[in-house]
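So the structure is just underneath, and the comments pick up after that.
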Amino acid sequence: MKGPKGVFIAAVLLWIAAGAQQALAHRLNLFGAAPDFLLISVSCLCLFANRVGGALIGFFAGLSMGAVVGANMTQYVISRTLVGFLDAWSKALGLDANLLTAAVNGVLVTVAAQLLQMFFAPPAGITSFLGATIASAVVNGVLAIPVYALLKRFFGSASA
Amino acid sequence: MKSSGGRDFLILLALCVLGGVLGRLQSNSRQNGISDFVSAAVRSVTRPLATGFTSAANGAGDFFEGIFNAAELSRKSRELKQYQLIASQYSETLARLSREIDNIRALQSLPPIGGRSKVYATVIAFAPNENRITISAGKAQGLRPGLAVLTAEGLVGTIQTVDHQESQVILISDPNRKIGAIVISRDPPPIGLIKGENEALLVLTLDSTAPVENGDLVSTSGFSDRIPRGIPIGRVNQVYADPTTGSKRVEVFPSVGLGNLREVVVLK
């Protein structure tokens, strides 16, 4: 993912994800498992980005999340930036990117981002927070598959 | 390769520091009851899309509701029209009685209670984990921080920050926000502070001698110039004595289903 085309696609995806996060995420809540559209976008976009690109994608995803939900921005920006950086860096492991790895990547990115966020801003009920995180991670993993497939059509192949 | 790696980590560090600065900026603005310019800019960019998604989701929900429950909805509509006629008659009586109360208070040299105007708004964003909603009314409609947000069932929360056309509302389920509350079923009503435990449970702290039982109605205390007295908050579910603090921990089920909010009213 390079050049104006990559930046444009990433910006549009984050914009749509931020809008969907505000208006749709809570409506799709099933037994406490609500999707996090911005984390899905981070997990899929970072499969096509380098480390700096991943950090920037995470930064803007955290910025958008903090702004749209009105919560403390620091915890969202730092957790998403670190996860974006590490996710993009994970390409160095040389794993083949496919729909399955995109799904697993979606799960791992969600868990890592939420755990980092928990470290920066411990929630009132840690047990329920962890339960919701695991449930959301599964939903995000499933939703990451079509998003990755769509991005692959735009960017071509990538390695996870 | 090494210098590129070092540059990457420097950029990562700079972005994290920038995140800290933005968070600080956000907190400072919030203390003044406004949104910081970065949050306001992001929300103004995403608002059209979020509003579109909200309208589409509400429209789709209403469409299927209409398809599957058309007969019941027609019956409810007829009933509501009748209730509206009855309510309009009560409103006139209520306005007349309020004027009489204000006249009597004036004779005692007390200020008038006065009515509060209502501002109707749509919920355009909901962040359950952060106990916040965003509503489609702001400074343009005369809103300001601290005003009560409610539905017909009871209190939803209070306004935290106000922008031109939208406001952020902290829900009553927020564990970090306390509101003055009374057990209105009792005379005289015990007074305490209520805060959220989770989306479905609130906790009211009362004096250990306060008379309170399961099923009692809890409402706002009105000891505030922005939140009027008597707005229902919820009903008592359990009462526990806490000997260490000499207080009563009262668990309250909120009157409002916070997960299904669509339209709200702000009392200004």
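Chain identifiers are assigned as A, B, and so on, following the order in which chains appear in the structure tokens; residues are numbered from 1 within each chain, and ligands are numbered from 1 in order of appearance.
Neighbouring residues of Val52 (chain A) at 8 Å or closer, counting only C-alpha atoms and skipping chain neighbours under 6 positions away, are Phe85 of chain A; Asp8, Ile11 and Leu12 of chain B.
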Only all heavy atoms, please: the residues just picked out, written as a tab-separated table (two decimals), in the first residue's frame.
```tsv
chain	number	residue	atom	x	y	z
A	85	PHE	N	1.52	-0.54	14.48
A	85	PHE	CA	2.96	-0.69	14.21
A	85	PHE	C	3.37	-2.17	14.29
A	85	PHE	O	4.03	-2.70	13.39
A	85	PHE	CB	3.73	0.14	15.25
A	85	PHE	CG	5.22	0.18	15.07
A	85	PHE	CD1	5.82	1.13	14.26
A	85	PHE	CD2	6.04	-0.74	15.71
A	85	PHE	CE1	7.19	1.18	14.10
A	85	PHE	CE2	7.41	-0.71	15.56
A	85	PHE	CZ	8.00	0.26	14.75
B	8	ASP	N	11.75	4.57	12.13
B	8	ASP	CA	10.40	4.03	12.37
B	8	ASP	C	10.02	4.15	13.85
B	8	ASP	O	8.90	4.54	14.18
B	8	ASP	CB	10.33	2.56	11.96
B	8	ASP	CG	10.41	2.39	10.44
B	8	ASP	OD1	10.49	3.43	9.74
B	8	ASP	OD2	10.38	1.24	9.96
B	11	ILE	N	9.29	7.72	14.80
B	11	ILE	CA	7.95	8.14	14.36
B	11	ILE	C	6.88	7.56	15.29
B	11	ILE	O	5.93	8.24	15.69
B	11	ILE	CB	7.71	7.71	12.89
B	11	ILE	CG1	8.61	8.53	11.96
B	11	ILE	CG2	6.24	7.87	12.50
B	11	ILE	CD1	8.62	8.06	10.52
B	12	LEU	N	7.08	6.29	15.67
B	12	LEU	CA	6.13	5.66	16.60
B	12	LEU	C	6.07	6.44	17.91
B	12	LEU	O	4.98	6.72	18.43
B	12	LEU	CB	6.57	4.21	16.87
B	12	LEU	CG	5.75	3.44	17.90
B	12	LEU	CD1	4.34	3.18	17.40
B	12	LEU	CD2	6.42	2.10	18.24
```
From region 6-238 of chain B, collect each residue whose DSSP state is helix (DSSP H, G or I) and return the set as a CSV table (one decimal) with N, CA, C and O atoms, in the first residue's frame.
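In the end it all went to part_32.csv:
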```
chain,number,residue,atom,x,y,z
B,6,GLY,N,15.5,2.8,13.1
B,6,GLY,CA,15.5,3.8,14.1
B,6,GLY,C,14.5,4.9,13.8
B,6,GLY,O,13.8,5.4,14.7
B,7,ARG,N,14.4,5.3,12.5
B,7,ARG,CA,13.4,6.3,12.1
B,7,ARG,C,12.0,5.9,12.4
B,7,ARG,O,11.2,6.6,12.9
B,8,ASP,N,11.7,4.6,12.1
B,8,ASP,CA,10.4,4.0,12.4
B,8,ASP,C,10.0,4.1,13.8
B,8,ASP,O,8.9,4.5,14.2
B,9,PHE,N,11.0,3.8,14.7
B,9,PHE,CA,10.7,3.9,16.2
B,9,PHE,C,10.5,5.3,16.6
B,9,PHE,O,9.7,5.6,17.5
B,10,LEU,N,11.3,6.2,16.0
B,10,LEU,CA,11.1,7.6,16.4
B,10,LEU,C,9.7,8.1,16.0
B,10,LEU,O,9.1,8.9,16.8
B,11,ILE,N,9.3,7.7,14.8
B,11,ILE,CA,8.0,8.1,14.4
B,11,ILE,C,6.9,7.6,15.3
B,11,ILE,O,5.9,8.2,15.7
B,12,LEU,N,7.1,6.3,15.7
B,12,LEU,CA,6.1,5.7,16.6
B,12,LEU,C,6.1,6.4,17.9
B,12,LEU,O,5.0,6.7,18.4
B,13,LEU,N,7.2,6.8,18.4
B,13,LEU,CA,7.3,7.5,19.7
B,13,LEU,C,6.6,8.9,19.5
B,13,LEU,O,5.8,9.3,20.4
B,14,ALA,N,6.9,9.6,18.4
B,14,ALA,CA,6.3,10.9,18.2
B,14,ALA,C,4.8,10.8,18.1
B,14,ALA,O,4.1,11.6,18.7
B,15,LEU,N,4.3,9.8,17.5
B,15,LEU,CA,2.8,9.6,17.4
B,15,LEU,C,2.2,9.3,18.8
B,15,LEU,O,1.1,9.9,19.1
B,16,CYS,N,2.9,8.5,19.6
B,16,CYS,CA,2.4,8.3,20.9
B,16,CYS,C,2.4,9.5,21.8
B,16,CYS,O,1.4,9.8,22.5
B,17,VAL,N,3.4,10.3,21.7
B,17,VAL,CA,3.5,11.6,22.4
B,17,VAL,C,2.4,12.5,21.9
B,17,VAL,O,1.7,13.2,22.7
B,18,LEU,N,2.2,12.6,20.6
B,18,LEU,CA,1.1,13.4,20.1
B,18,LEU,C,-0.3,13.0,20.6
B,18,LEU,O,-1.1,13.8,20.9
B,19,GLY,N,-0.4,11.7,20.7
B,19,GLY,CA,-1.7,11.1,21.3
B,19,GLY,C,-1.9,11.6,22.7
B,19,GLY,O,-3.0,12.0,23.1
B,20,GLY,N,-0.8,11.7,23.5
B,20,GLY,CA,-0.8,12.2,24.9
B,20,GLY,C,-1.2,13.7,24.9
B,20,GLY,O,-2.0,14.1,25.7
B,21,VAL,N,-0.6,14.4,24.0
B,21,VAL,CA,-0.9,15.9,23.9
B,21,VAL,C,-2.4,16.1,23.5
B,21,VAL,O,-3.1,16.9,24.1
B,22,LEU,N,-2.9,15.3,22.6
B,22,LEU,CA,-4.3,15.5,22.1
B,22,LEU,C,-5.2,15.1,23.3
B,22,LEU,O,-6.3,15.7,23.4
B,23,GLY,N,-4.9,14.1,24.0
B,23,GLY,CA,-5.7,13.7,25.2
B,23,GLY,C,-5.8,14.8,26.2
B,23,GLY,O,-6.8,15.1,26.8
B,24,ARG,N,-4.6,15.4,26.4
B,24,ARG,CA,-4.6,16.5,27.4
B,24,ARG,C,-5.4,17.7,26.9
B,24,ARG,O,-6.2,18.3,27.7
B,25,LEU,N,-5.3,18.0,25.6
B,25,LEU,CA,-6.1,19.1,25.0
B,25,LEU,C,-7.6,18.8,25.2
B,25,LEU,O,-8.4,19.6,25.5
B,26,GLN,N,-7.9,17.5,24.9
B,26,GLN,CA,-9.3,17.1,25.0
B,26,GLN,C,-9.9,17.3,26.5
B,26,GLN,O,-11.0,17.8,26.7
B,27,SER,N,-9.1,16.9,27.4
B,27,SER,CA,-9.5,17.0,28.8
B,27,SER,C,-9.7,18.4,29.2
B,27,SER,O,-10.7,18.8,29.9
B,28,ASN,N,-8.8,19.3,28.8
B,28,ASN,CA,-8.9,20.7,29.2
B,28,ASN,C,-10.1,21.3,28.6
B,28,ASN,O,-10.8,22.1,29.2
B,29,SER,N,-10.4,21.0,27.3
B,29,SER,CA,-11.6,21.5,26.7
B,29,SER,C,-12.9,21.0,27.3
B,29,SER,O,-13.8,21.7,27.5
B,30,ARG,N,-12.8,19.7,27.7
B,30,ARG,CA,-14.0,19.1,28.3
B,30,ARG,C,-14.4,19.8,29.6
B,30,ARG,O,-15.5,19.9,30.0
B,31,GLN,N,-13.4,20.2,30.4
B,31,GLN,CA,-13.6,20.9,31.7
B,31,GLN,C,-14.3,22.2,31.4
B,31,GLN,O,-15.0,22.7,32.3
B,37,PHE,N,-10.8,21.1,19.4
B,37,PHE,CA,-11.0,21.3,17.9
B,37,PHE,C,-10.7,20.0,17.1
B,37,PHE,O,-11.3,19.8,16.1
B,38,VAL,N,-9.8,19.2,17.6
B,38,VAL,CA,-9.5,17.9,16.9
B,38,VAL,C,-10.8,17.0,16.9
B,38,VAL,O,-11.2,16.5,15.8
B,39,SER,N,-11.3,16.8,18.1
B,39,SER,CA,-12.5,16.0,18.2
B,39,SER,C,-13.7,16.6,17.4
B,39,SER,O,-14.4,15.8,16.7
B,40,ALA,N,-13.8,17.9,17.5
B,40,ALA,CA,-14.9,18.5,16.8
B,40,ALA,C,-14.7,18.4,15.2
B,40,ALA,O,-15.7,18.1,14.5
B,41,ALA,N,-13.5,18.5,14.8
B,41,ALA,CA,-13.2,18.3,13.4
B,41,ALA,C,-13.5,16.9,12.9
B,41,ALA,O,-14.2,16.7,11.8
B,42,VAL,N,-13.0,15.9,13.7
B,42,VAL,CA,-13.3,14.5,13.3
B,42,VAL,C,-14.8,14.2,13.3
B,42,VAL,O,-15.3,13.6,12.3
B,43,ARG,N,-15.5,14.7,14.3
B,43,ARG,CA,-16.9,14.4,14.3
B,43,ARG,C,-17.7,15.1,13.2
B,43,ARG,O,-18.6,14.6,12.7
B,44,SER,N,-17.2,16.3,12.8
B,44,SER,CA,-17.9,17.0,11.7
B,44,SER,C,-17.7,16.3,10.4
B,44,SER,O,-18.5,16.3,9.5
B,45,VAL,N,-16.5,15.6,10.3
B,45,VAL,CA,-16.2,14.9,9.0
B,45,VAL,C,-17.1,13.6,9.0
B,45,VAL,O,-17.6,13.2,8.0
B,46,THR,N,-17.2,13.0,10.2
B,46,THR,CA,-17.9,11.7,10.2
B,46,THR,C,-19.4,11.8,10.4
B,46,THR,O,-20.2,10.9,10.2
B,47,ARG,N,-19.9,13.0,10.8
B,47,ARG,CA,-21.3,13.2,11.2
B,47,ARG,C,-22.2,12.8,10.0
B,47,ARG,O,-23.2,12.1,10.2
B,48,PRO,N,-22.0,13.3,8.8
B,48,PRO,CA,-22.9,13.0,7.7
B,48,PRO,C,-23.1,11.5,7.5
B,48,PRO,O,-24.2,11.0,7.3
B,49,LEU,N,-22.0,10.8,7.6
B,49,LEU,CA,-22.0,9.4,7.4
B,49,LEU,C,-22.8,8.7,8.6
B,49,LEU,O,-23.6,7.8,8.3
B,50,ALA,N,-22.5,9.1,9.8
B,50,ALA,CA,-23.1,8.5,11.0
B,50,ALA,C,-24.6,8.8,10.9
B,50,ALA,O,-25.4,7.9,11.3
B,51,THR,N,-25.0,10.0,10.5
B,51,THR,CA,-26.4,10.4,10.5
B,51,THR,C,-27.1,9.5,9.4
B,51,THR,O,-28.2,9.1,9.6
B,52,GLY,N,-26.4,9.3,8.3
B,52,GLY,CA,-27.0,8.5,7.2
B,52,GLY,C,-27.2,7.1,7.7
B,52,GLY,O,-28.2,6.5,7.5
B,53,PHE,N,-26.1,6.5,8.4
B,53,PHE,CA,-26.2,5.1,8.9
B,53,PHE,C,-27.4,5.0,9.9
B,53,PHE,O,-28.1,4.0,9.9
B,54,THR,N,-27.5,6.0,10.8
B,54,THR,CA,-28.5,6.0,11.8
B,54,THR,C,-29.9,6.0,11.2
B,54,THR,O,-30.8,5.2,11.5
B,55,SER,N,-30.1,6.9,10.2
B,55,SER,CA,-31.4,7.0,9.5
B,55,SER,C,-31.7,5.7,8.8
B,55,SER,O,-32.8,5.2,8.8
B,56,ALA,N,-30.7,5.1,8.1
B,56,ALA,CA,-30.9,3.9,7.4
B,56,ALA,C,-31.3,2.8,8.4
B,56,ALA,O,-32.2,2.0,8.1
B,57,ALA,N,-30.6,2.7,9.5
B,57,ALA,CA,-30.8,1.6,10.4
B,57,ALA,C,-32.2,1.8,11.1
B,57,ALA,O,-33.0,0.8,11.2
B,58,ASN,N,-32.5,3.0,11.4
B,58,ASN,CA,-33.8,3.3,12.0
B,58,ASN,C,-34.9,3.0,11.0
B,58,ASN,O,-36.0,2.4,11.3
B,59,GLY,N,-34.7,3.4,9.8
B,59,GLY,CA,-35.7,3.2,8.7
B,59,GLY,C,-35.9,1.7,8.5
B,59,GLY,O,-37.1,1.3,8.3
B,60,ALA,N,-34.8,1.0,8.4
B,60,ALA,CA,-35.0,-0.5,8.2
B,60,ALA,C,-35.7,-1.1,9.3
B,60,ALA,O,-36.6,-2.0,9.1
B,61,GLY,N,-35.4,-0.7,10.6
B,61,GLY,CA,-36.0,-1.3,11.7
B,61,GLY,C,-37.5,-1.0,11.7
B,61,GLY,O,-38.4,-1.8,12.0
B,62,ASP,N,-37.8,0.3,11.4
B,62,ASP,CA,-39.2,0.7,11.3
B,62,ASP,C,-40.0,0.0,10.2
B,62,ASP,O,-41.2,-0.4,10.4
B,63,PHE,N,-39.3,-0.2,9.1
B,63,PHE,CA,-39.9,-0.9,8.0
B,63,PHE,C,-40.4,-2.3,8.4
B,63,PHE,O,-41.5,-2.7,8.2
B,64,PHE,N,-39.5,-3.1,9.0
B,64,PHE,CA,-39.8,-4.4,9.3
B,64,PHE,C,-40.8,-4.5,10.5
B,64,PHE,O,-41.6,-5.4,10.6
B,65,GLU,N,-40.7,-3.5,11.4
B,65,GLU,CA,-41.7,-3.4,12.5
B,65,GLU,C,-43.1,-3.2,11.9
B,65,GLU,O,-44.0,-3.8,12.3
B,66,GLY,N,-43.1,-2.3,10.9
B,66,GLY,CA,-44.4,-2.0,10.2
B,66,GLY,C,-44.9,-3.3,9.5
B,66,GLY,O,-46.1,-3.5,9.5
B,67,ILE,N,-44.0,-4.0,8.8
B,67,ILE,CA,-44.5,-5.2,8.1
B,67,ILE,C,-45.1,-6.2,9.0
B,67,ILE,O,-46.1,-6.8,8.8
B,68,PHE,N,-44.3,-6.5,10.1
B,68,PHE,CA,-44.7,-7.6,11.0
B,68,PHE,C,-45.8,-7.2,12.1
B,68,PHE,O,-46.4,-8.1,12.6
B,70,ALA,N,-48.2,-4.5,11.8
B,70,ALA,CA,-49.0,-3.4,11.3
B,70,ALA,C,-50.3,-3.2,12.1
B,70,ALA,O,-50.6,-2.0,12.4
B,71,ALA,N,-51.0,-4.3,12.4
B,71,ALA,CA,-52.3,-4.2,13.1
B,71,ALA,C,-52.1,-3.5,14.5
B,71,ALA,O,-52.8,-2.6,14.9
B,72,GLU,N,-51.1,-4.0,15.2
B,72,GLU,CA,-50.8,-3.5,16.5
B,72,GLU,C,-50.4,-2.0,16.5
B,72,GLU,O,-50.8,-1.2,17.3
B,73,LEU,N,-49.6,-1.7,15.5
B,73,LEU,CA,-49.1,-0.3,15.4
B,73,LEU,C,-50.3,0.6,15.1
B,73,LEU,O,-50.4,1.8,15.7
B,74,SER,N,-51.3,0.2,14.3
B,74,SER,CA,-52.4,1.0,14.0
B,74,SER,C,-53.3,1.2,15.2
B,74,SER,O,-53.7,2.3,15.5
B,75,ARG,N,-53.4,0.1,16.0
B,75,ARG,CA,-54.2,0.2,17.2
B,75,ARG,C,-53.5,1.2,18.2
B,75,ARG,O,-54.2,2.1,18.8
B,76,LYS,N,-52.2,1.1,18.4
B,76,LYS,CA,-51.5,2.0,19.3
B,76,LYS,C,-51.6,3.4,18.8
B,76,LYS,O,-51.7,4.3,19.6
B,77,SER,N,-51.6,3.6,17.5
B,77,SER,CA,-51.6,5.0,17.0
B,77,SER,C,-53.0,5.6,17.3
B,77,SER,O,-53.1,6.8,17.7
B,78,ARG,N,-54.1,4.8,17.2
B,78,ARG,CA,-55.4,5.3,17.6
B,78,ARG,C,-55.5,5.7,19.1
B,78,ARG,O,-56.0,6.7,19.5
B,79,GLU,N,-54.9,4.8,19.9
B,79,GLU,CA,-54.9,5.0,21.3
B,79,GLU,C,-54.1,6.3,21.7
B,79,GLU,O,-54.5,7.1,22.5
B,80,LEU,N,-52.9,6.4,21.0
B,80,LEU,CA,-52.1,7.6,21.3
B,80,LEU,C,-52.8,8.9,21.0
B,80,LEU,O,-52.6,9.9,21.7
B,81,LYS,N,-53.6,8.9,19.9
B,81,LYS,CA,-54.3,10.1,19.5
B,81,LYS,C,-55.3,10.5,20.6
B,81,LYS,O,-55.5,11.6,20.9
B,82,GLN,N,-55.9,9.4,21.2
B,82,GLN,CA,-56.9,9.7,22.3
B,82,GLN,C,-56.1,10.2,23.5
B,82,GLN,O,-56.5,11.2,24.1
B,83,TYR,N,-55.0,9.6,23.8
B,83,TYR,CA,-54.2,10.1,25.0
B,83,TYR,C,-53.7,11.5,24.8
B,83,TYR,O,-53.6,12.3,25.7
B,84,GLN,N,-53.4,11.8,23.5
B,84,GLN,CA,-52.9,13.2,23.2
B,84,GLN,C,-54.0,14.2,23.5
B,84,GLN,O,-53.7,15.3,24.1
B,85,LEU,N,-55.2,13.9,23.2
B,85,LEU,CA,-56.3,14.8,23.5
B,85,LEU,C,-56.5,15.0,25.0
B,85,LEU,O,-56.6,16.1,25.5
B,86,ILE,N,-56.4,13.9,25.7
B,86,ILE,CA,-56.5,14.0,27.2
B,86,ILE,C,-55.4,14.8,27.8
B,86,ILE,O,-55.6,15.6,28.6
B,87,ALA,N,-54.2,14.5,27.3
B,87,ALA,CA,-53.0,15.1,27.8
B,87,ALA,C,-53.0,16.6,27.6
B,87,ALA,O,-52.5,17.4,28.4
B,88,SER,N,-53.5,17.0,26.4
B,88,SER,CA,-53.6,18.5,26.1
B,88,SER,C,-54.5,19.2,27.2
B,88,SER,O,-54.2,20.3,27.6
B,89,GLN,N,-55.6,18.5,27.6
B,89,GLN,CA,-56.4,19.1,28.6
B,89,GLN,C,-55.7,19.2,29.9
B,89,GLN,O,-55.8,20.2,30.6
B,90,TYR,N,-55.0,18.2,30.3
B,90,TYR,CA,-54.2,18.2,31.5
B,90,TYR,C,-53.1,19.3,31.5
B,90,TYR,O,-52.8,19.9,32.5
B,91,SER,N,-52.5,19.5,30.3
B,91,SER,CA,-51.4,20.5,30.2
B,91,SER,C,-51.9,21.9,30.5
B,91,SER,O,-51.3,22.6,31.2
B,92,GLU,N,-53.2,22.2,30.0
B,92,GLU,CA,-53.7,23.5,30.4
B,92,GLU,C,-53.9,23.6,31.9
B,92,GLU,O,-53.6,24.7,32.4
B,93,THR,N,-54.5,22.6,32.5
B,93,THR,CA,-54.7,22.6,33.9
B,93,THR,C,-53.4,22.8,34.7
B,93,THR,O,-53.2,23.6,35.6
B,94,LEU,N,-52.4,22.0,34.2
B,94,LEU,CA,-51.0,22.1,34.8
B,94,LEU,C,-50.4,23.5,34.7
B,94,LEU,O,-49.8,24.0,35.7
B,95,ALA,N,-50.5,24.1,33.6
B,95,ALA,CA,-50.0,25.4,33.4
B,95,ALA,C,-50.7,26.4,34.3
B,95,ALA,O,-50.0,27.3,34.9
B,96,ARG,N,-52.0,26.3,34.4
B,96,ARG,CA,-52.7,27.2,35.3
B,96,ARG,C,-52.3,27.0,36.8
B,96,ARG,O,-52.0,28.0,37.5
B,97,LEU,N,-52.1,25.7,37.2
B,97,LEU,CA,-51.7,25.5,38.6
B,97,LEU,C,-50.3,26.0,38.8
B,97,LEU,O,-50.0,26.5,39.9
B,98,SER,N,-49.4,25.8,37.8
B,98,SER,CA,-48.1,26.3,38.0
B,98,SER,C,-48.0,27.8,38.2
B,98,SER,O,-47.3,28.4,39.0
B,99,ARG,N,-48.9,28.5,37.4
B,99,ARG,CA,-49.0,30.0,37.5
B,99,ARG,C,-49.4,30.3,38.9
B,99,ARG,O,-48.9,31.3,39.6
B,100,GLU,N,-50.4,29.6,39.4
B,100,GLU,CA,-51.0,29.9,40.8
B,100,GLU,C,-49.9,29.6,41.8
B,100,GLU,O,-49.7,30.4,42.8
B,101,ILE,N,-49.1,28.6,41.7
B,101,ILE,CA,-48.0,28.3,42.6
B,101,ILE,C,-47.0,29.4,42.6
B,101,ILE,O,-46.5,29.9,43.6
B,102,ASP,N,-46.6,29.9,41.4
B,102,ASP,CA,-45.7,31.0,41.3
B,102,ASP,C,-46.2,32.2,41.9
B,102,ASP,O,-45.5,33.0,42.6
B,103,ASN,N,-47.5,32.5,41.8
B,103,ASN,CA,-48.1,33.7,42.4
B,103,ASN,C,-48.0,33.6,43.9
B,103,ASN,O,-47.7,34.5,44.6
B,104,ILE,N,-48.3,32.4,44.5
B,104,ILE,CA,-48.3,32.1,45.9
B,104,ILE,C,-46.8,32.3,46.4
B,104,ILE,O,-46.6,32.9,47.4
B,105,ARG,N,-45.9,31.7,45.6
B,105,ARG,CA,-44.4,31.9,46.0
B,105,ARG,C,-44.0,33.4,46.0
B,105,ARG,O,-43.3,33.8,46.8
B,106,ALA,N,-44.6,34.1,45.0
B,106,ALA,CA,-44.2,35.5,45.0
B,106,ALA,C,-44.7,36.3,46.2
B,106,ALA,O,-44.0,37.2,46.7
B,107,LEU,N,-45.9,35.9,46.7
B,107,LEU,CA,-46.4,36.5,48.0
B,107,LEU,C,-45.5,36.2,49.1
B,107,LEU,O,-45.4,37.0,50.1
B,128,PRO,N,-21.5,2.3,24.3
B,128,PRO,CA,-21.8,1.7,25.6
B,128,PRO,C,-20.7,1.5,26.5
B,128,PRO,O,-20.8,1.7,27.7
B,129,ASN,N,-19.5,1.1,26.0
B,129,ASN,CA,-18.4,0.9,26.9
B,129,ASN,C,-17.9,2.2,27.6
B,129,ASN,O,-17.3,2.1,28.6
B,130,GLU,N,-18.2,3.3,26.9
B,130,GLU,CA,-17.7,4.6,27.5
B,130,GLU,C,-18.9,5.3,28.2
B,130,GLU,O,-18.8,6.4,28.6
B,139,LYS,N,-25.4,23.8,20.8
B,139,LYS,CA,-25.5,25.3,21.1
B,139,LYS,C,-26.6,26.0,20.3
B,139,LYS,O,-27.3,26.9,20.8
B,140,ALA,N,-26.8,25.5,19.1
B,140,ALA,CA,-27.8,26.2,18.2
B,140,ALA,C,-29.2,26.0,18.8
B,140,ALA,O,-30.0,26.9,18.5
B,141,GLN,N,-29.4,25.0,19.6
B,141,GLN,CA,-30.7,24.8,20.2
B,141,GLN,C,-30.7,25.3,21.7
B,141,GLN,O,-31.7,25.1,22.4
```
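For the pair CA of Ile78 (chain A) and CA of Leu115 (chain A), the interatomic distance is 11.9 Å.
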Need to verify the contact set: region 138-152 of chain A, 7 Å, only C-alpha atoms, exclusion of same-chain residues closer than 3 positions in sequence. Can you return it as an MDAnalysis selection string? chainID A and resid 33 35:36 40 44 99 102:104 106:107 134:135 155:157
Just write the chosen residues, C-alpha atoms, as a tab-separated table (two decimals), in the first residue's frame.
```tsv
chain	number	residue	atom	x	y	z
A	33	ALA	CA	-20.21	-9.04	21.25
A	35	PRO	CA	-17.93	-5.21	16.33
A	36	ASP	CA	-15.21	-2.56	16.46
A	40	ILE	CA	-11.20	-4.26	11.84
A	44	CYS	CA	-6.84	-5.37	7.51
A	99	LEU	CA	-8.55	-15.06	4.44
A	102	ALA	CA	-6.76	-12.09	8.07
A	103	ALA	CA	-9.38	-13.48	10.46
A	104	VAL	CA	-6.79	-14.59	13.02
A	106	GLY	CA	-8.38	-9.46	13.30
A	107	VAL	CA	-8.81	-11.43	16.53
A	134	ILE	CA	-12.95	-11.75	23.59
A	135	ALA	CA	-16.47	-11.70	22.16
A	155	PHE	CA	-3.96	-3.58	-3.38
A	156	GLY	CA	-3.13	-6.99	-4.79
A	157	SER	CA	-1.40	-9.62	-2.67
```
Tell me, as a PyMOL selection string, which residues lie within 7 Å of region 58-60 of chain A, counting only C-alpha atoms; anything in the same chain fewer than 5 positions away does not count. (chain A and resi 42+77+80-81+83-84) or (chain B and resi 15)
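Relative to CA of Ile16 (chain A), CA of Lys91 (chain A) is found at 25.6 Å.
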